[in-house]
Amino acid sequence: MASRFASVSDAVERLRTVDYLADTNIAGVVYLADRLEKPVLVEGPAGVGKTELAKALARSTDARLIRLQCYEGLDEAKALYEWNYKKQLLRIQVDREHENSWADVESDIFSEPFLLTRPLLEAIRATEPVVLLIDEVDRVEIETEALLLEVLSDFQVSIPELGTIVGTQRPFVILTSNNTRELSEALKRRCLYLHIDYPDLEREKDIVRVRVPEIDEELAEQVARVVRSIRELELKKAPSISETIDWARTLLYLGTSEISPEVIGETLHVLLKYQSDIAKARKELVPPVDAT
Amino acid sequence: MLDVLQGFVHELRSAGLPVSMTENLDAMRAVEHIDIAERDLFKAALGATLVKHHRHRPAFDTVFDVYFSLYSPGVDADDAHADEWAEMVSDATGGGGGGELTREELAQMLLDALMRMDREELRRLAATAVTQFAGMEPGRPVGGTYYLYRTLRQLDLDDLAARLVGRAQEQGDVPTDDLAARLQAEEYQARLRTLRELVEAEIRRRLVADRGVEAMARTLRKPLPEDVDFMHASREEMLALQRAIYPLTRTLAARLAQRRRRRHRGHLDFRKTVRASLSYGGVPAEPKFRHPHPSKPEIMVVADISGSVASFARFTLQFVYAMASQFSKVRSWVFIDGIDEVTRFFQTSDDVTAAVHRVNTEADVVWVDGHSDYGHAFEVFHKRHLTEVTKKTSLIFLGDVRNNYHASQAWVLRELGERARHLYWLNPEPRGYWDTGDSIMAEYVPYCDGVYECRNLRQLERFVATIAEG
């Protein structure tokens, strides 16, 4: 099977064309996952671009993105496939007048037209290149995880009435987790592991410049520095990349050319979402107004 | 190459990381696609295949740095390295003199490199600094920290930081307000951190060259954060623990909430069942149930905060309060020989760390001499709060029960235990030390529903999970 990326630097380049700046670690793991044909499990704080990575991969390789959003209570019927029960009922109703044998009816109503494909099956049956994103996999119960195992290791699905469906091509699979619980060892073993953390200063600056092209370099640098400074504080929720970008946009709309303590004070709520965090950051960064 | 990799995996396992057979095979397949000369990539490849928990990453980094330090960038040829080493040895034997650069010259060059943030140059200078200042001798059984200390003392990073700011001002980059000054200082701190890391890497590389990979990895092996003993943690380990607590509580809280929701099915919900039956043509094929709301336990924590166990009490309080949403009410007391309720500190602020700090500095816990007296503290607790302990309360006592030969007043625990739903005792000492010297654990044990050894985060987490499930 043709590989998607020729080399690691190719992966970096192609992701850059769709405005995703991958560092060595990210690009390396993506390249390996492609070569070893393994799924990637991406973990990290909220808002550092885990989901965005999957989207960027899809765009850069001209693949279709199929997304399975996980939630508590997700089951086979929602993740894999389901028989179209209502349609089957109708079919049986119609059949009453024709007096077909039961065997005919049975083989008829358990066939392709009555099958509702859900994301996992859809990804496996797809003939065109596909990126499968299994988002927030930590939200499903540990028992439901088992459902993913067959799909992830062999890229096949067993449907009792139809037999085993094997994929014609390997989708590129990205799983994301916010780490609200430990995933099972079995799942982790089948994946490559990628931890995305807050970026360093240079990369964050570049990200801001790519995502908010109107911003000038000077301001982008200041934005990145202030955000780094805020992340150093002990907060409930440190500002994420997406919040940095939002903040940069806000500054731009306000027509700010230079960041002063007053500006930070006014726009801090874009970066931080807890009142106690805002108070703390304000105390640290914004000098108290003189009472004169 | 495969031998090195196997040694590497073996060392990871010795350090406590769970590396399975499949992962090992994956790593071997992965390195076929990656050139070892590209160190960052190589590290990413091994990390992605072998380490599946983020908190194991620091341990992985250490082992990787040791095993592959001889392949580090810039070390083009082995002979160049050997020369350097020989030169260093001759320096050391020749009385340490003979360096080509004075300290001031080196400082000037470092400042130049730091201003431009030229990594290559910095690496070279770090190597020079190590050669000149560390005074490394082959075969000398001294740890890397000693050499690091010697090198950094000569480099004087604080002085460099001040001079960097000075230089910036000469170049017209004068901060206009406090904020700008702060940002500038942070930037230079970050650059100096890079320098420090480079020096560390250089020292490590030379030590590995001298002693061999395996011996070096063994000396550097450290317990994982969740296995660090509370009572003997170093300052850095303390900080690591501090950082580990919050994510751990979040994970635990999510798991408990989920389990609580799913644990029992409640009564049949007739309305919902009928509604669901409509999609099966009126046949109630899918019964629906009401979810019960099990009562959350009420927690009272009574902690000894005398010197020997202070850090343990601090972590436990922090842990319990971070989990406060899982309990209907949390109250806390601290004592040494006097006892004081500290719930107020936690109520007035949602910053648990700050509250814990206030507990340590403001709570009134000294009655006579500031030596642990469990008996007196318990008596006072009994007098003031006995009636507030109810059938819903889970009482948790924390302490090493080293009572300085005072009276135990164990009858207090008996009476409390009769009123409370549960009474637990957490002891941060290893079980083997209980009841030795002035430890009187045995006197309290009969009145506790559970007595736990609680020496590290792993044990603490397990305990909190047990009580939160009720």
# chains A, B, ... in the order shown; residues from 1 in each chain; ligands from 1

call {"tool": "residues_around", "arguments": {"residues": "range 213-224 of chain A", "least_positions_apart": "3", "cutoff": "8 Å", "atoms": "only C-alpha atoms", "output": "list in words"}}
result
Leu201, Glu204, Lys205, Val208, Arg209, Val210, Val227, Arg228, Thr244, Ala248, Leu252, Ser257, Glu258 and Ile259 of chain A

call {"tool": "residues_around", "arguments": {"residues": "Ile66 in chain A", "least_positions_apart": "5", "cutoff": "7 Å", "atoms": "only C-alpha atoms", "output": "list of chain:residue names"}}
result
A:Pro119, A:Ala123, A:Val131, A:Leu132, A:Leu133

call {"tool": "write_last_selection", "arguments": {"atoms": "N, CA and C atoms", "output": "PDB file, in the first residue's frame"}}
result
ATOM      1  N   PRO A 119     -19.862   5.138  12.135  1.00  0.00           N
ATOM      2  CA  PRO A 119     -18.518   5.573  11.740  1.00  0.00           C
ATOM      3  C   PRO A 119     -17.460   4.477  11.589  1.00  0.00           C
ATOM      4  N   ALA A 123     -15.653   3.611   8.063  1.00  0.00           N
ATOM      5  CA  ALA A 123     -14.226   3.813   7.812  1.00  0.00           C
ATOM      6  C   ALA A 123     -13.600   2.562   7.214  1.00  0.00           C
ATOM      7  N   VAL A 131      -9.351   9.251   7.057  1.00  0.00           N
ATOM      8  CA  VAL A 131      -8.799   9.445   8.398  1.00  0.00           C
ATOM      9  C   VAL A 131      -9.931   9.229   9.379  1.00  0.00           C
ATOM     10  N   LEU A 132      -9.749   8.274  10.269  1.00  0.00           N
ATOM     11  CA  LEU A 132     -10.783   7.993  11.259  1.00  0.00           C
ATOM     12  C   LEU A 132     -10.391   8.644  12.575  1.00  0.00           C
ATOM     13  N   LEU A 133     -11.259   9.533  13.056  1.00  0.00           N
ATOM     14  CA  LEU A 133     -10.982  10.212  14.327  1.00  0.00           C
ATOM     15  C   LEU A 133     -11.923   9.676  15.394  1.00  0.00           C
TER      16      LEU A 133
END

call {"tool": "residues_around", "arguments": {"residues": "range 23-25 of chain A", "least_positions_apart": "2", "cutoff": "7 Å", "atoms": "only C-alpha atoms", "output": "list in words"}}
result
Leu21, Ala27, Gly28 and Val29 of chain A; Asp40, Leu41 and Ala44 of chain B

call {"tool": "closest_atom_pairs", "arguments": {"of": "chain B", "to": "chain A", "cutoff": "10 Å", "atoms": "only C-alpha atoms", "output": "tab-separated table"}}
result
residue	atom	partner	partner_atom	distance
B:Pro18	CA	A:Glu185	CA	9.7
B:Val19	CA	A:Arg189	CA	9.2
B:Ser20	CA	A:Arg189	CA	7.7
B:Met21	CA	A:Arg189	CA	9.4
B:Thr22	CA	A:Arg189	CA	7.0
B:Glu23	CA	A:Arg189	CA	6.5
B:Asp26	CA	A:Leu36	CA	8.1
B:Ala27	CA	A:Leu192	CA	9.9
B:Arg29	CA	A:Leu36	CA	7.5
B:Ala30	CA	A:Leu32	CA	6.7
B:Val31	CA	A:Leu32	CA	9.3
B:His33	CA	A:Leu32	CA	7.4
B:Ile34	CA	A:Leu32	CA	8.4
B:Asp40	CA	A:Thr24	CA	6.8
B:Leu41	CA	A:Gly28	CA	5.8
B:Phe42	CA	A:Gly28	CA	8.4
B:Lys43	CA	A:Asn25	CA	8.3
B:Ala44	CA	A:Asn25	CA	5.2
B:Ala45	CA	A:Val29	CA	6.3
B:Leu46	CA	A:Val29	CA	9.5
B:Gly47	CA	A:Tyr193	CA	7.5
B:Ala48	CA	A:Tyr193	CA	4.5
B:Thr49	CA	A:Leu192	CA	5.3
B:Leu50	CA	A:Tyr193	CA	8.2
B:Val51	CA	A:Tyr193	CA	7.1
B:Lys52	CA	A:Tyr193	CA	5.6
B:His53	CA	A:Tyr193	CA	8.2
B:His54	CA	A:His195	CA	6.8
B:Arg57	CA	A:His195	CA	9.5
B:Thr176	CA	A:Ser260	CA	9.6
B:Asp177	CA	A:Ser260	CA	8.4
B:Asp178	CA	A:Pro287	CA	7.7
B:Leu179	CA	A:Leu285	CA	6.2
B:Ala180	CA	A:Ser260	CA	8.3
B:Arg182	CA	A:Leu285	CA	8.5
B:Leu183	CA	A:Arg225	CA	6.4
B:Gln184	CA	A:Arg225	CA	8.7
B:Glu186	CA	A:Ser229	CA	7.4
B:Glu187	CA	A:Arg225	CA	7.8
B:Ala190	CA	A:Leu201	CA	9.7
B:Arg243	CA	A:Glu234	CA	9.4
B:Tyr246	CA	A:Lys236	CA	8.9
B:Pro247	CA	A:Thr180	CA	8.2
B:Leu248	CA	A:Thr180	CA	8.9
B:Thr249	CA	A:Thr180	CA	9.6
B:Arg250	CA	A:Thr180	CA	6.6
B:Thr251	CA	A:Thr180	CA	4.6
B:Leu252	CA	A:Arg181	CA	7.3
B:Ala253	CA	A:Thr180	CA	8.6
B:Ala254	CA	A:Thr180	CA	6.3
B:Arg255	CA	A:Arg181	CA	6.5
B:Gln258	CA	A:Glu141	CA	8.6
B:Arg259	CA	A:Glu141	CA	9.6
B:Ser279	CA	A:Lys86	CA	9.1
B:Tyr280	CA	A:Lys86	CA	9.6
B:Ser349	CA	A:Ser276	CA	8.5
B:Asp350	CA	A:Ser276	CA	7.1
B:Asp351	CA	A:Ser276	CA	7.5
B:Thr353	CA	A:Glu234	CA	9.0

call {"tool": "closest_residue", "arguments": {"among": "A:Pro171, A:Ser60, A:Ala77, A:Pro239", "to": "Asp10 in chain A", "atoms": "only C-alpha atoms"}}
result
A:Ser60

call {"tool": "select_by_dssp", "arguments": {"residues": "range 34-115 of chain A", "states": "helix (DSSP H, G or I)", "output": "PyMOL selection string"}}
result
chain A and resi 34-36+50-60+76-79+85-95+102-109+112-114

call {"tool": "closest_residue", "arguments": {"among": "A:Lys50, A:Arg170, A:His269, A:Arg96", "to": "Ile241 in chain A", "atoms": "only C-alpha atoms"}}
result
A:Lys50

call {"tool": "select_by_dssp", "arguments": {"residues": "range 14-87 of chain A", "states": "strand (DSSP E or B)", "output": "MDAnalysis selection string"}}
result
chainID A and resid 40:43 64:69 81:83

call {"tool": "atom_distance", "arguments": {"atom1": "CA of Val274 in chain B", "atom2": "CA of Glu286 in chain B"}}
result
9.1 Å

call {"tool": "closest_residue", "arguments": {"among": "A:Trp102, A:Phe172, A:Trp83, A:Phe110", "to": "Ala126 in chain A", "atoms": "only C-alpha atoms"}}
result
A:Phe172

call {"tool": "atom_distance", "arguments": {"atom1": "CA of Arg163 in chain B", "atom2": "CA of Leu106 in chain B"}}
result
13.5 Å

call {"tool": "residues_around", "arguments": {"residues": "Val137 in chain A", "least_positions_apart": "6", "cutoff": "7 Å", "atoms": "only C-alpha atoms", "output": "CSV table (one decimal) with N, CA and C atoms, in the first residue's frame"}}
result
chain,number,residue,atom,x,y,z
A,70,CYS,N,-17.0,10.1,21.0
A,70,CYS,CA,-17.4,9.2,22.1
A,70,CYS,C,-18.1,9.9,23.2
A,175,LEU,N,-6.9,8.5,17.8
A,175,LEU,CA,-7.8,8.5,19.0
A,175,LEU,C,-7.3,9.6,19.9
A,176,THR,N,-8.3,10.4,20.5
A,176,THR,CA,-7.8,11.4,21.4
A,176,THR,C,-8.4,11.1,22.8
A,177,SER,N,-7.7,11.6,23.8
A,177,SER,CA,-8.2,11.3,25.1
A,177,SER,C,-7.8,12.5,26.0

call {"tool": "decode", "arguments": {"residues": "range 228-239 of chain A", "atoms": "C-alpha atoms", "output": "PDB file, in the first residue's frame"}}
result
ATOM      1  CA  ARG A 228       4.095  31.535  28.759  1.00  0.00           C
ATOM      2  CA  SER A 229       4.297  33.751  31.797  1.00  0.00           C
ATOM      3  CA  ILE A 230       0.699  32.949  32.716  1.00  0.00           C
ATOM      4  CA  ARG A 231       1.268  29.227  32.299  1.00  0.00           C
ATOM      5  CA  GLU A 232       4.052  29.449  34.855  1.00  0.00           C
ATOM      6  CA  LEU A 233       1.485  30.405  37.501  1.00  0.00           C
ATOM      7  CA  GLU A 234      -0.256  27.697  39.376  1.00  0.00           C
ATOM      8  CA  LEU A 235      -3.714  27.725  37.839  1.00  0.00           C
ATOM      9  CA  LYS A 236      -6.727  25.487  37.683  1.00  0.00           C
ATOM     10  CA  LYS A 237      -6.675  25.578  33.919  1.00  0.00           C
ATOM     11  CA  ALA A 238      -3.726  27.043  32.050  1.00  0.00           C
ATOM     12  CA  PRO A 239      -4.505  28.822  28.776  1.00  0.00           C
TER      13      PRO A 239
END
